[in-house]
Each structure stands twice: as C-alpha cells, then as structure tokens.
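Engineer: The structure that follows is given in the form of structure tokens.
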Amino acid sequence: MLAEQLNSEEARELLSTVDQMQMILHEERISMPEIVVVGDQSVGKPSVLEAISGIELPRAQNICTRCPLELRMKSTTGEEYATITSRETNKNAVNDQESDIKIQDLTKISDEVTKMTEKLAGHGNNCSSNPIYLTIYKRDIQYDLTLIDLPGITRNPAAGQATDIYSQILKLINKYIEPETAVVLHVIPASTDFTTSETLKLAKVFDPKCERQLIAVSKIDKFDKGISEKLQGEGPGAMPLKLGCVAVLNRNPVEIEQNISFSEMRRREAQFFIDNCTHFDDAPDELKGSEQLVRRLVSIQQERIRSTFPQILQKLKDKIQEKNAELTAMPVMITSEHEFSMKFYQLVHELQGIIQMKLDGNYNIINVDRNTVQSDSDSNDDACLENDRLAYHIYACQQRFKNRLKECFKNISSLEYHKNVWKAITDTSGITLPNIYAPHLIQRLFQEEIGHVPDVCFSFVEDMLECIKTILIRLFNQTFNKYYSRLADRLRDVLERHISTSEKLCRASLEEILEMEQRVFTLNDQYMEIVNIVKQDKMAKVNEQYVNETTTMQHNQARSNTVSAKIARQTRLTDDFIDYSPTSNESQAAFDMQLNLFAYAHLVQSRIADNVSQVLYYRLVTHCALTVDGALLSSISSSSELVRLMREPQEQTNRRNKLKHSIQRLEEALLVGQNHI
C-alpha cells in the first residue's frame with residue numbers, strides 16, 4: 001500500500017512540478033522542499049548516491065562534487081536516457097529544452113557531469129555555487145526522487161584549490177541547509193562518532209532539535225560493536241534523530257574496479273545484513289539497506305512537499321506583488337527631449353512645493369513637545385536636524401540667538417561694571433560738572449561692553465545656514481537622488497552655490513547692521529521710561545531700609561501702569577547693583593550713567609535681535625529657500641544637456657531588467673504550481 005502511494009501518478013507529477021519550479025527559481029530567494037546531501041570528504045558520499053540512483057557518478061582523489069548537483073531520478077516505461085543542464089552555461093537558450101543536453105548512453109553520465117563541472121568551476125579542484133541539473137529516466141527506478149548533492153567538506157586545500165576552499169564549502173552548505181523546507185541527509189561512516197560530524201554541527205545552528213536531519217550510515221562493512229543500537233540512536237557515538245538512520249553498503253575499490261553492477265550490489269547488500277545478523281538483528285529492517293533509504297527519502301520528500309506547497313504558492317504571489325511595486329516605483333523610461341523637460345520641471349516644482357510646505361509648518365507628522373522648544377532654544381547645539389521641520393528649526397535658531405545676545409549685555413547691571421563707570425568718571429573729574437560727562441565717554445563704555453555681540457551674530461548666521469542647508473540638501477536628495485543621479489550631482493552643486501551666494505549677502509548685511517550700531521543713538525521713547533522706572537525702583541528699595549511699612553510698596557505699585565510695570569519687571573537691576581548712597585557727586589553720576597547705559601542696552605538688544613533675525617530670514621529664506629526653483633531651472637542651458645543628465649544610467653536599466661526577469665521567473669513558477677493544482 002505504501003509503495004503504491006509513493007509511486008502514484010499524483011506523487012510523481014507533484015515532484016516533477018516542484019523540480020520545474022526549483023530550476024526556474026534558482027536565482028530567487030524562494031525556499032523549496034528539497035533533500036540536501038552533505039558529508040565530509042571521503043566518507044563515501046558518491047557511493048551512497050550511486051546506490052540510491054543506480055548511476056555511476058564522478059570520482060576523484062581529492063574532491064568529487066565541485067558544484068551543487070541536483071539529481072532527479074524519474075521512473076519510466078519507455079526509453080532510458082538522461083538530461084543535463086545548467087542555467088549559468090545556457091543563459092542565451094530560448095527555453096529549457098534548448099539548453100538541455102540529452103545523454104542516450106547512461107554510462108556516459110559521469111563524463112558529462114565532469115564536463116559541465118569544468119565549465120562552471122574550471123579545471124582543477126575549485127568549487128562553484130552554480131548548480132548542475134541532472135535528470136535520469138530509468139525503468140528500474142522504483143520511486144521518483146530528487147536530491148541535491150553538495151561538495152564534501154575539504155579542510156586542507158589541495159594543489160590548484162583556493163586557499164579558502166574550506167570556508168567556501170561551508171558557506172555553500174549553510175545556504176542550502178538553512179531553509180526550513182530543507183531536509184538534510186548526512187553521509188557518515190559507520191565507525192565514526194555521529195556526534196562529532198561537522199555537518200551535523202552546522203545543521204544544529206539552523207535546526208537545534210535536529211527535526212529535519214537524517215543519517216545515511218556509509219561503509220557499513222567497517223562497523224563497530226553496538227552498531228544496531230547506534231542505528232537506533234542509542235549507545236556511544238549515536239545521535240537520536242526524528243528522521244533516524246539507515247545503513248548502506250558501499251562499493252569498495254575492488255568492486256568499483258571490477259565494475260560490479262548496482263543490481264548485484266543490492267543483492268550483496270542484502271546478503272551482508274543476513275551474514276551479520278548477530279550484529280544487526282536488533283535493528284528494524286527499515287534501517288538497513290539502500291532500498292529502505294530510498295523509500296524513506298521518498299516518503300519524507302512527498303510529505304514535505306504536500307505540507308508546504310500551498311505556502312510556497314502564497315510566497316510566490318507575495319514576492320510578485322513586492323517586485324511589481326518596486327518596478328512601478330521606478331520612473332518610466334523616457335527618451336524624447338519634451339518628456340525630459342516635462343519631468344525636469346515637475347521635479348523642480350515638486351521640490352519647491354515641499355520646501356514651501358516645510359516653511360509653512362505643514363509637516364506630515366507633527367509631534368512637538370512644547371518643552372522641546374525651550375530646551376532646543378537654550379542648547380548650544382543645533383536643534384535636532386534629523387527631521388525636516390524647517391519652520392520650527394528656524395524659530396529655534398532665532399531663540400538661541402536671542403538668549404545668547406542677552407548674555408552679552410548682562411554685565412551692564414553688575415557691581416563690577418558700576419566700578420568701571422565710576423572710575424571712568426573720576427578720571428575725567430575737573431573737566432566739567434560731575435553730572436555732565438563728555439559724549440565720547442558713554443560711547444566708549446558701551447562699545448567696550450558689547451564686544452562679543454559680533455561673534456554671537458555671526459554664530460547665528462552659521463546656525464541658520466547649517467539648519468537651512470542641511471534640510472534643503474536632504475529634501476533635494478529625496479526628490480532627485482533616487483533615479484536621476486547625474487542630474488542630481490549637477491543640481492546639487494547649483495543648490496550649494498545658491499546657498500553660498502545668499503550667505504555672502506547675509507554676512508554683508510550683518511556687517512552693515514553692526515557698523516551702524518557703533519553709533520550710540522535712539523529715538524525710542526522707551527529709553528527714558530526704562531531709566532525712570534529703574535531709578536524709582538531703586539529709590540523704593542532704599543526707602544524700605546528706613547521705613548518698614550507696606551504703604552510705600554503699595555504706592556510704588558500704584559504709580560505704574562500695566563505696561564510700565566511689565567517693563568520694570570523685565571529691566572529691574574540685579575541685586576548686586578551698588579546701593580544708592582549719595583556719598584559724592586561722582587558716585588551719583590556713575591549711578592546715573594549706568595542706568596542710562598542699561599536702558600540703552602535693553603533697546604539695542606531688542607533692536608539687534610529683530611534686525612538680524614529679519615535680515616537672515618530675508619537672505620536665507622525669502623531670497624534663498626524660496627527661490628531654489630529659479631536657480632535650478634536657470635542652470636540648465638539646453639535641451640541636449642538635460643537629456644544627457646537625465647538619461648537613465650546603465651545600472652538603473654540593468655536593475656529594471658533584472659526586476660522584470662525576476663517577476664517573469666516568479667510568474668512562470670507560480671503558473672507551473674497552479675497548473676498542477
């Protein structure tokens with residue numbers, strides 16, 4: 001009953017379908033159900049495969065299998081023959097039939113495999129990852145079966161082999177045994193401790209519980225004591241596996257030299273287990289012989305194909321959808337000058353529209369913590385420029401500038417500055433009345449105190465420039481870089497020059513503002529209002545020292561209107577300002593001059609903050625960020641230049657073609673699978 005199920009027409013058609021899909025999808029990352037044969041060098045792997053297939057395969061002193069060999073065994077009632085092919089050597093073939101090499105004489109299979117191997121891996125002992133597909137049609141094949149034979153692990157490079165041959169083979173083995181759809185057949189000699197097998201150690205990385213591992217125990221004629229228990233996963237050197245172990249008798253060198261047939265070897269294998277029954281009787285019959293190994297492999301293969309086939313078809317559909325989306329996202333290939341011009345204008349205006357949105361505060365995602373504005377504005381570093389919130393970043397730059405500028409005038413209200421003013425007035429005593437000082441004196445004292453203002457202003461320029469340049473370049477790259485790299489390289493230079501020109505104009509305007517501020521001058525009525533309020537506030541503090549009554553404070557609050565009270569709170573002298581004590585004419589004059597300078601500094605601070613911020617916005621935003629489109633459009637002098645810059649690069653054309661071919665292969669494989677259903 002089991003034999004009929006394994007050899008049914010439905011089972012053979014399903015395996016044939018998977019074989020076709022496997023070959024079509026070789027270059028795609030779609031894992032198919034497969035049985036992979038692995039082992040160390042010289043463990044008898046070719047002999048095991050010969051016992052399974054009944055076909056003689058290449059043998060060599062160093063390494064037999066140098067390419068992955070997908071061995072497909074098909075039963076037939078008609079002509080016996082084989083076909084061999086490789087996608088790598090037949091890329092120009094119109095179809096698979098054209099690329100196949102038909103082998104009428106099955107005794108020539110070994111020679112043809114050797115020839116194909118040399119085409120792929122060259123002469124010598126090097127390996128290749130490109131697979132060979134060998135399909136055998138024989139009348140004595142009981143069950144259809146497909147195996148993938150991989151090169152044996154070679155630790156020491158032979159003459160003509162790459163020095164890293166060991167790592168090459170391990171990488172190739174890992175590639176095939178990693179997918180969950182793969183069942184791994186390990187060929188291990190009977191006398192070897194199974195637990196020390198390197199291939200089993202590799203498999204455990206991807207299959208820790210060894211649920212899809214199977215051992216073909218080779219060279220069974222050299223068995224040790226306790227072999228029966230070992231085959232059942234018990235005793236020393238055994239490995240308990242869900243899929244178990246099967247013992248196989250290999251052809252020895254003498255039998256190979258005598259060209260003993262595979263049918264005779266099966267008879268000898270059966271006789272071997274009879275002759276050694278005292279050692280093997282405890283092992284079930286299904287663990288003994290190549291026929292039992294074939295039966296188990298066929299059963300495993302069919303079960304895994306049936307259980308995973310629906311998921312494979314769904315993966316193909318998902319992959320087709322994914323690659324179609326990627327292909328659709330690529331720009332349509334254009335060839336005419338008109339199409340190039342239209343696309344160029346579209347991209348430039350798209351970029352300018354995005355910039356305008358960012359300046360208007362129209363962000364795709366707005367998630368701004370109100371505390372962030374304060375922390376950013378107080379920070380010495382740029383606000384986080386990893387996002388494109390341009391309007392917000394400009395405001396944060398302005399806030400940082402305002403706070404830094406305020407620090408430049410902080411010393412004017414200090415006790416130390418009062419001493420400097422007093423000394424300057426004392427040095428000019430006797431020239432005129434104590435409360436009348438020379439005009440140059442107040443200008444000199446003020447200029448000495450604001451020496452750091454230019455540095456703060458130019459630091460503001462750098463801050464704003466970095467913010468705007470970083471975001472503009474990022475938005476530009478997002479718009480142009482993806483598909484028009486040559487055009488992007490050219491226009492990026494134009495954009496950077498455009499920003500650089502605005503920077504120069506910005507610096508020149510800033511120089512003018514700072515030069516104008518050299519003159520101590522104001523028409524702002526708030527100047528005297530600040531002077532009077534601060535003086536009255538100081539007098540109130542002095543009076544409070546002698547009269548401990550709250551009426552004085554209430555009177556002081558009542559005489560100031562709402563606006564004046566606000567100004568007083570913002571401009572109140574610091575606690576370390578020298579107490580008002582008219583001990584001399586010079587001290588009174590120093591107090592008055594310091595008040596005047598303080599009031600004027602308050603106005604200058606506000607004036608510079610507004611003027612510089614306005615100039616920078618005008619130069620870097622109004623006449624830079626908002627005029628990017630004009631600069632880019634005017635940089636292309638002719639249609640021929642635009643065509644040259646926008647013509648699709650060869651690598652992009654290759655990528656497009658690769659996507660199309662990939663989609664074609666996926667659809668072809670899907671159609672093969674759906675036709676079977």
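Letters for chains follow the order of the structure tokens (A, B, ...), residue numbers begin at 1 for each chain, and ligand numbers begin at 1 in the order shown.
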Using DSSP on the backbone, list every residue of range 198-316 of chain A that comes out as helix (DSSP H, G or I), and give them as a ChimeraX atom specification.
Structural biologist: /A:198-206,220-222,227-231,253-257,262-275,277-280,285-287,290-316
Engineer: Got a sec: who's within 10 Å of Val294 in chain A, counting only C-alpha atoms, leaving out chain neighbours fewer than 5 positions off, as an mmCIF file with C-alpha atoms, in the first residue's frame?
Structural biologist:
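Now in out_30.cif:
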data_model
loop_
_atom_site.group_PDB
_atom_site.id
_atom_site.type_symbol
_atom_site.label_atom_id
_atom_site.label_comp_id
_atom_site.auth_asym_id
_atom_site.auth_seq_id
_atom_site.Cartn_x
_atom_site.Cartn_y
_atom_site.Cartn_z
ATOM 1 C CA ALA A 51 23.387 3.057 -4.554
ATOM 2 C CA ILE A 52 20.311 5.258 -4.468
ATOM 3 C CA SER A 53 20.261 6.166 -8.164
ATOM 4 C CA GLN A 142 11.074 2.383 -8.216
ATOM 5 C CA TYR A 143 10.227 5.868 -6.937
ATOM 6 C CA ASP A 144 10.733 9.372 -8.292
ATOM 7 C CA LEU A 145 13.194 11.211 -6.074
ATOM 8 C CA VAL A 246 19.708 3.988 7.533
ATOM 9 C CA GLY A 289 19.823 -1.166 3.008
ATOM 10 C CA SER A 299 8.278 9.347 1.885
ATOM 11 C CA ILE A 300 9.905 12.357 3.599
#
Engineer: So how many Å separate CA of Asp100 in chain A and CA of Arg656 in chain A, to one decimal?
Structural biologist: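 Interatomic distance, CA of Asp100 in chain A to CA of Arg656 in chain A: 28.4 Å.
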Engineer: Neighbours of range 509-526 of chain A within 7 Å (only C-alpha atoms; same-chain residues fewer than 4 positions away dropped), as a ChimeraX atom specification?
Structural biologist: /A:443,454,505,530,612
Engineer: Those residues you just picked out, can you put them in a file as a PDB file, in the first residue's frame with C-alpha atoms?
Structural biologist:
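Result went into selection-v9.pdb, see below:
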ATOM      1  CA  GLN A 443      30.030 105.632  23.703  1.00  0.00           C
ATOM      2  CA  PRO A 454      29.513  90.391  16.538  1.00  0.00           C
ATOM      3  CA  LEU A 505      24.885  88.682   1.053  1.00  0.00           C
ATOM      4  CA  ILE A 530      13.146 102.476  31.455  1.00  0.00           C
ATOM      5  CA  VAL A 612      19.498  90.496  12.439  1.00  0.00           C
TER       6      VAL A 612
END
Engineer: Report, in Å to a single decimal, how far apart CA of Lys402 in chain A and CA of Cys624 in chain A are.
Structural biologist: 22.8 Å
Engineer: Give the answer as one residue: which of A:Ala625, A:Leu632, A:Leu359, A:Ile436 has the shortest atom-to-atom distance to Val494 in chain A, using only C-alpha atoms?
Structural biologist: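 Checking each of A:Ala625, A:Leu632, A:Leu359, A:Ile436 against Val494 in chain A, counting only C-alpha atoms, the winner is A:Leu632.
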Engineer: Compile the contact shell of Glu211 in chain A as a list in words: residues with an atom at most 6 Å away, counting only C-alpha atoms, same-chain residues fewer than 2 positions apart removed.
Structural biologist: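 Near Glu211 in chain A, the qualifying residues are Lys209, Gln213 and Lys242 of chain A.
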Engineer: Quick one: residues within 10 Å of Lys74 in chain A, only C-alpha atoms, excluding same-chain residues fewer than 4 positions away - as a PyMOL selection string?
Structural biologist: chain A and resi 12+15-16+53+80+82+135-146
Engineer: When you look at Arg655 in chain A with a cut-off of 12 Å (counting only C-alpha atoms), what residues show up, excluding the ones that are within fewer than 4 positions of it in the same chain? I need them as a PyMOL selection string.
Structural biologist: chain A and resi 323+326-327+330+483+648-651+659-662
Engineer: Using only C-alpha atoms, which protein or nucleic acid residues come within 9 Å of range 316-319 of chain A? Drop anything in the same chain fewer than 6 positions from it, and give the result as a list in words.
Structural biologist: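 Neighbouring residues, sequence-local ones excluded: Ile30, Ile663, Leu666, Glu667, Ala669 and Leu670 of chain A.
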